[in-house]
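Here is the structure we will look at.
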Protein chains: 2
Amino acid sequence: MMSNATMQDVAQRAGVSVATVSRVLNGSDKVIEETRERVLLACQELDYSLHLAAQRLRLGKTNTICVILPFLTLPSIVERLRGVQEALLDSGYDLIPFSVGTPELRDSRLFDLANRSRTDGLLIISMPINDKQTARIIKNDMPVVLIDSDKPEFNRVNVSDQVGGRMAAEHLINLGHRKIGFISSHLENPLQFSSTLNRFHGYCKALEAAGIPINPSYQKEGEHGREEAEEMALSLLKQPDPPTAIFASSDTKAVGVLDAAKKLNIKVPEQLSVIGYDNIRDAEYLNLTTIQQPLFQAGLVGGETLLRLIDQPRMGPEEIILPVELVIRETTAPPKA
Amino acid sequence: MMSNATMQDVAQRAGVSVATVSRVLNGSDKVIEETRERVLLACQELDYSLHLAAQRLRLGKTNTICVILPFLTLPSIVERLRGVQEALLDSGYDLIPFSVGTPELRDSRLFDLANRSRTDGLLIISMPINDKQTARIIKNDMPVVLIDSDKPEFNRVNVSDQVGGRMAAEHLINLGHRKIGFISSHLENPLQFSSTLNRFHGYCKALEAAGIPINPSYQKEGEHGREEAEEMALSLLKQPDPPTAIFASSDTKAVGVLDAAKKLNIKVPEQLSVIGYDNIRDAEYLNLTTIQQPLFQAGLVGGETLLRLIDQPRMGPEEIILPVELVIRETTAPPKA
DNA sequence: TTGAAAGCGCTAACAC
DNA sequence: GTGTTAGCGCTTTCAA
């Protein structure tokens with residue numbers, strides 16, 4: 001029945017004041033053992049539990065952390081969110097995720113959430129922040145950590161796409177390839193992040209370091225998507241002197257490349273090596289060699305950083321770069337002699 | 001700077017009392033237009049926003065809904081969560097997801113959360129509830145909706161696994177198969193749900209209806225997992241008169257079956273038809289024929305139901321059954337003559 | 001139509 | 001060590 005016992009009720013039952021109950025519950029050492037036990041017993045008997053709203057009002061603290069992220073359809077986003085969950089697990093903070101699909105929604109969310117009476121901190125995953133929102137966040141003194149995003153005003157957790165791109169290309173080079181294609185979404189996209197571009201830069205650097213000239217006819221950019229990538233791969237592979245290896249800037253595109261190879265009856269990896277980027281779940285099923293980003297870990301580190309930032313608001317904004325990893329599976333091999 | 005304006009501040013600036021500000025903000029019609037405008041202006045000027053904790057304390061309502069679910073590693077869980085998000089989008093409720101990996105964690109979470117000062121309602125996804133927790137929830141008068149779970153005491157949103165299992169088998173039968181294998185995790189698992197078992201029942205019914213005798217040597221059960229399924233499929237396919245089609249009780253297992261076929265040099269779908277269950281993302285990549293559950297919609301309906309339940313606590317527990325759907329791709333075909 | 005004031009449940013400063 | 005009490009910001013009677 002009455003399961004909404006208040007501290008007052010507990011105090012009464014234990015024959016003490018509410019202050020004492022509060023002390024016991026907050027682990028004050030200024031309570032005599034016998035009293036403590038009486039209080040704890042009363043709590044149990046009444047099935048008491050703290051009224052969070054009351055505590056939060058009194059403390060002026062929400063014990064809540066909000067996360068703004070794109071729709072959860074992307075496995076990479078979910079994986080990062082899992083990391084955040086993990087970081088907050090025993091922190092006493094509630095995590096509220098807000099999915100926003102459009103820049104407008106993102107801005108209006110940010111506007112709402114950049115408010116200390118709403119949340120103690122904000123984690124923003126894979127979303128660009130404009131200057132207006134940046135100003136508001138700073139004005140409101142809201143602790144913020146960015147994951148997979150770049151804005152020097154804030155603490156952020158990122159991976160080096162350039163290193164990843166280089167790593168992918170170097171893997172192919174080390175295998176003996178010299179004709180290495182590159183497929184990506186549009187490199188110059190003002191609304192997008194520069195991750196694709198950085199991967200491309202890494203690819204270029206690797207080729208340069210190996211003394212391989214960069215061949216524009218081995219590069220294709222276009223819309224994101226499996227089918228689109230298949231088209232791009234088709235045009236790459238149908239040329240007179242086709243590449244013997246293709247680096248796709250995402251696993252989804254790599255799947256499209258695989259589709260193209262199948263369609264042209266080109267055997268992978270015997271006749272064509274394919275490497276992707278992301279290590280999405282599907283990559284494992286398809287035995288796709290790829291570059292793995294530490295997604296979960298990025299969420300974890302992001303969450304931990306935010307927790308620290310809330311405790312020490314003076315902590316300067318810094319960028320944490322997490323390492324990427326080459327996952328070798330069965331779509332890459334030395335080129336045929 | 002001071003972005004923590006209180007209602008008091010607004011009242012002062014607008015030259016009215018806090019009561020009036022509250023009325024304006026809550027859309028009371030008993031406020032003269034001119035006053036309303038003054039208040040609204042003051043709100044804007046001060047960048048006022050409601051202190052949620054204060055409101056919640058006063059109202060005795062948390063405006064929060066908690067969701068208990070298994071780890072977000074499963075795409076099916078994420079998809080349902082997305083549906084819940086959608087349902088709560090403009091409801092004014094905050095959604096807090098709690099991932100629990102073990103029955104112990106689940107129970108302790110449930111214990112914490114079955115508390116009206118904590119949350120206004122509980123959504124429980126793909127998790128069995130024991131009698132003790134059931135009693136507690138009912139005693140605390142906590143509104144609860146179960147998704148993909150069965151406990152007649154509560155409102156629940158489910159799909160008919162039996163219909164799905166039957167649908168899968170019938171698809172194969174309609175194609176002309178009569179030697180139809182079935183691979184699943186253990187059918188009798190006290191801790192688990194009966195979804196696997198129900199799919200099996202559906203499979204049996206379809207065979208019966210078609211007058212096909214049920215052949216135990218065409219059935220395998222074992223641990224969940226791709227490799228485990230591969231083993232099971234191998235033993236099924238290596239027997240003297242192997243099945244010409246295999247129904248795997250999950251897509252993950254179907255992938256294992258595909259692995260087995262590849263290993264034995266059996267062509268899919270020419271020599272072997274394979275159908276899965278779930279329509280996970282990987283299924284699309286692999287062109288796997290499968291049974292799709294309305295995951296997102298289950299979350300959506302579950303969320304909406306919970307919202308209704310919170311408004312009308314007297315709403316009796318009912319079960320909503322959502323239809324499944326056959327997704328035909330390229331791993332099923334008529335058997336070779 | 002508006003204002004004054006009580007009180008939601010908690011914590012912490014102060015008094016004893 | 002423990003109790004008394006003010007007050008966090010809000011909503012809502014009750015009175016004017």
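FYI, nothing fancy with the structure tokens labels: chains A, B, ... in order, residues from 1 per chain, ligands from 1 as they appear.
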Exercise. Got a sec to pull out which chain A residues are within 6 Å of chain B, counting only C-alpha atoms, and send them as number ranges by chain?
Worked result: A: 1, 3, 51, 53-54, 57, 96, 117, 139-140, 282
Excluding DT11 (chain D) and any residue of its chain fewer than 6 positions from it, enumerate the residues within 12 Å of it, using only C-alpha atoms (C1' of nucleotides), and give them as a PDB file with C-alpha atoms (C1' of nucleotides), in the first residue's frame.
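Result file is selection_24.pdb:
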ATOM      1  CA  MET B   7       9.857  32.616 -11.485  1.00  0.00           C
ATOM      2  CA  VAL B  18       4.615  34.436  -9.095  1.00  0.00           C
ATOM      3  CA  ALA B  19       1.142  32.965  -9.166  1.00  0.00           C
ATOM      4  CA  THR B  20       0.372  34.945 -12.259  1.00  0.00           C
ATOM      5  CA  VAL B  21       3.582  33.895 -13.935  1.00  0.00           C
ATOM      6  CA  SER B  22       2.744  30.307 -13.179  1.00  0.00           C
ATOM      7  CA  ARG B  23      -0.724  30.782 -14.616  1.00  0.00           C
ATOM      8  CA  LEU B  25       3.169  29.475 -18.206  1.00  0.00           C
ATOM      9  CA  ASN B  26       0.567  26.828 -17.602  1.00  0.00           C
ATOM     10  CA  ALA B  54      10.794  22.197  -8.322  1.00  0.00           C
ATOM     11  CA  GLN B  55       7.872  21.510 -10.568  1.00  0.00           C
ATOM     12  CA  ARG B  56       8.193  17.800 -10.075  1.00  0.00           C
ATOM     13  CA  LEU B  57       8.402  18.084  -6.337  1.00  0.00           C
ATOM     14  CA  ARG B  58       5.359  20.290  -6.240  1.00  0.00           C
ATOM     15  CA  LEU B  59       3.341  18.158  -8.632  1.00  0.00           C
ATOM     16  CA  GLY B  60       4.416  14.866  -7.145  1.00  0.00           C
TER      17      GLY B  60
ATOM     18  C1'  DA C   5       0.830  31.963   1.382  1.00  0.00           C
ATOM     19  C1'  DA C   6       1.152  27.034   2.298  1.00  0.00           C
ATOM     20  C1'  DG C   7       3.731  23.203   1.388  1.00  0.00           C
ATOM     21  C1'  DC C   8       5.834  19.306  -1.808  1.00  0.00           C
TER      22       DC C   8
END
For this session: Up to 10 Å from chain B, what residues of chain C turn up? Count only C-alpha atoms (C1' of nucleotides) and give them as a ChimeraX atom specification.
Result: /C:1-4,7-9
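Using only C-alpha atoms (C1' of nucleotides), the nearest neighbour of chain D within the list A:Glu188, A:Glu230, A:Asp251, A:Glu34 is A:Glu34.
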Exercise. Residues at most 7 Å from Ile320 (chain B), counting only C-alpha atoms (C1' of nucleotides), excluding those fewer than 3 positions away in the same chain, as a list in words?
Worked result: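 Residues near the query, excluding close chain neighbours: Arg156, Val157 and Asn158 of chain B.
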For this session: Determine, counting only C-alpha atoms (C1' of nucleotides), which protein, DNA and RNA residues have an atom within 12 Å of an atom of Ile137 (chain B); residues of the same chain fewer than 2 positions away are not included. Present the result as a VMD selection string.
Result: (chain A and resid 1 3) or (chain B and resid 107 110 to 116 121 to 124 129 to 135 139 to 145 153 to 154)
Given the selection you just returned, output its residues as a file containing C-alpha atoms, formatted as a PDB file, in the first residue's frame.
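Okay, this is what ended up in out38.pdb:
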ATOM      1  CA  MET A   1       0.000   0.000   0.000  1.00  0.00           C
ATOM      2  CA  SER A   3       4.988   2.870  -0.416  1.00  0.00           C
TER       3      SER A   3
ATOM      4  CA  ASP B 107      15.983  -7.268 -10.180  1.00  0.00           C
ATOM      5  CA  LEU B 110      13.415  -3.025 -10.849  1.00  0.00           C
ATOM      6  CA  PHE B 111      13.515  -2.692  -7.123  1.00  0.00           C
ATOM      7  CA  ASP B 112      14.885   0.830  -7.367  1.00  0.00           C
ATOM      8  CA  LEU B 113      12.635   1.902 -10.149  1.00  0.00           C
ATOM      9  CA  ALA B 114       9.374   0.494  -8.910  1.00  0.00           C
ATOM     10  CA  ASN B 115       8.899   3.706  -7.023  1.00  0.00           C
ATOM     11  CA  ARG B 116       6.603   6.527  -7.891  1.00  0.00           C
ATOM     12  CA  GLY B 121       6.027   4.507 -15.457  1.00  0.00           C
ATOM     13  CA  LEU B 122       8.149   1.583 -16.450  1.00  0.00           C
ATOM     14  CA  LEU B 123       8.722  -0.017 -19.796  1.00  0.00           C
ATOM     15  CA  ILE B 124      10.362  -3.404 -19.685  1.00  0.00           C
ATOM     16  CA  ILE B 129       9.773 -10.559 -14.535  1.00  0.00           C
ATOM     17  CA  ASN B 130       9.644 -12.777 -11.511  1.00  0.00           C
ATOM     18  CA  ASP B 131       6.771 -12.985  -9.092  1.00  0.00           C
ATOM     19  CA  LYS B 132       8.466 -11.058  -6.351  1.00  0.00           C
ATOM     20  CA  GLN B 133       9.056  -8.067  -8.579  1.00  0.00           C
ATOM     21  CA  THR B 134       5.583  -8.392  -9.988  1.00  0.00           C
ATOM     22  CA  ALA B 135       4.156  -8.152  -6.505  1.00  0.00           C
ATOM     23  CA  LYS B 139       1.865  -2.988  -4.579  1.00  0.00           C
ATOM     24  CA  ASN B 140       3.528   0.284  -5.545  1.00  0.00           C
ATOM     25  CA  ASP B 141       0.879   0.885  -8.148  1.00  0.00           C
ATOM     26  CA  MET B 142       3.516   1.475 -10.781  1.00  0.00           C
ATOM     27  CA  PRO B 143       2.274   1.680 -14.363  1.00  0.00           C
ATOM     28  CA  VAL B 144       4.133  -0.936 -16.380  1.00  0.00           C
ATOM     29  CA  VAL B 145       4.144  -2.052 -19.974  1.00  0.00           C
ATOM     30  CA  GLU B 153      -0.663  -9.155 -14.764  1.00  0.00           C
ATOM     31  CA  PHE B 154       0.639  -6.391 -17.017  1.00  0.00           C
TER      32      PHE B 154
END
Exercise. CA of Ile328 (chain B) and CA of Gln239 (chain B), how far apart in Å?
Worked result: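 Taking CA of Gln239 (chain B) and CA of Ile328 (chain B), their separation equals 27.6 Å.
All residues of region 185-256 of chain B that DSSP, run on the backbone, classes as strand (DSSP E) are Ser185, Gln219, Lys220, Glu221, Gly222, Ala245, Ile246, Phe247 and Ala248 of chain B.
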Problem set entry | Between CA of Gly83 (chain B) and CA of Gln297 (chain B), distance in Å (one decimal) |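 Distance reported for this atom pair: 5.9 Å.
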For this session: To one decimal in Å, tell me the separation between CA of Gln271 (chain A) and CA of Thr244 (chain A).
Result: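 Pair CA of Gln271 (chain A) / CA of Thr244 (chain A) returns 6.7 Å.
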Problem set entry | Selection: 12 Å around DC16 (chain C), only C-alpha atoms (C1' of nucleotides), excl. self and same-chain fewer than 2 positions, as a list in words |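 Skipping anything fewer than 2 positions along the chain leaves DC14 of chain C; DG1, DT2, DG3 and DT4 of chain D.
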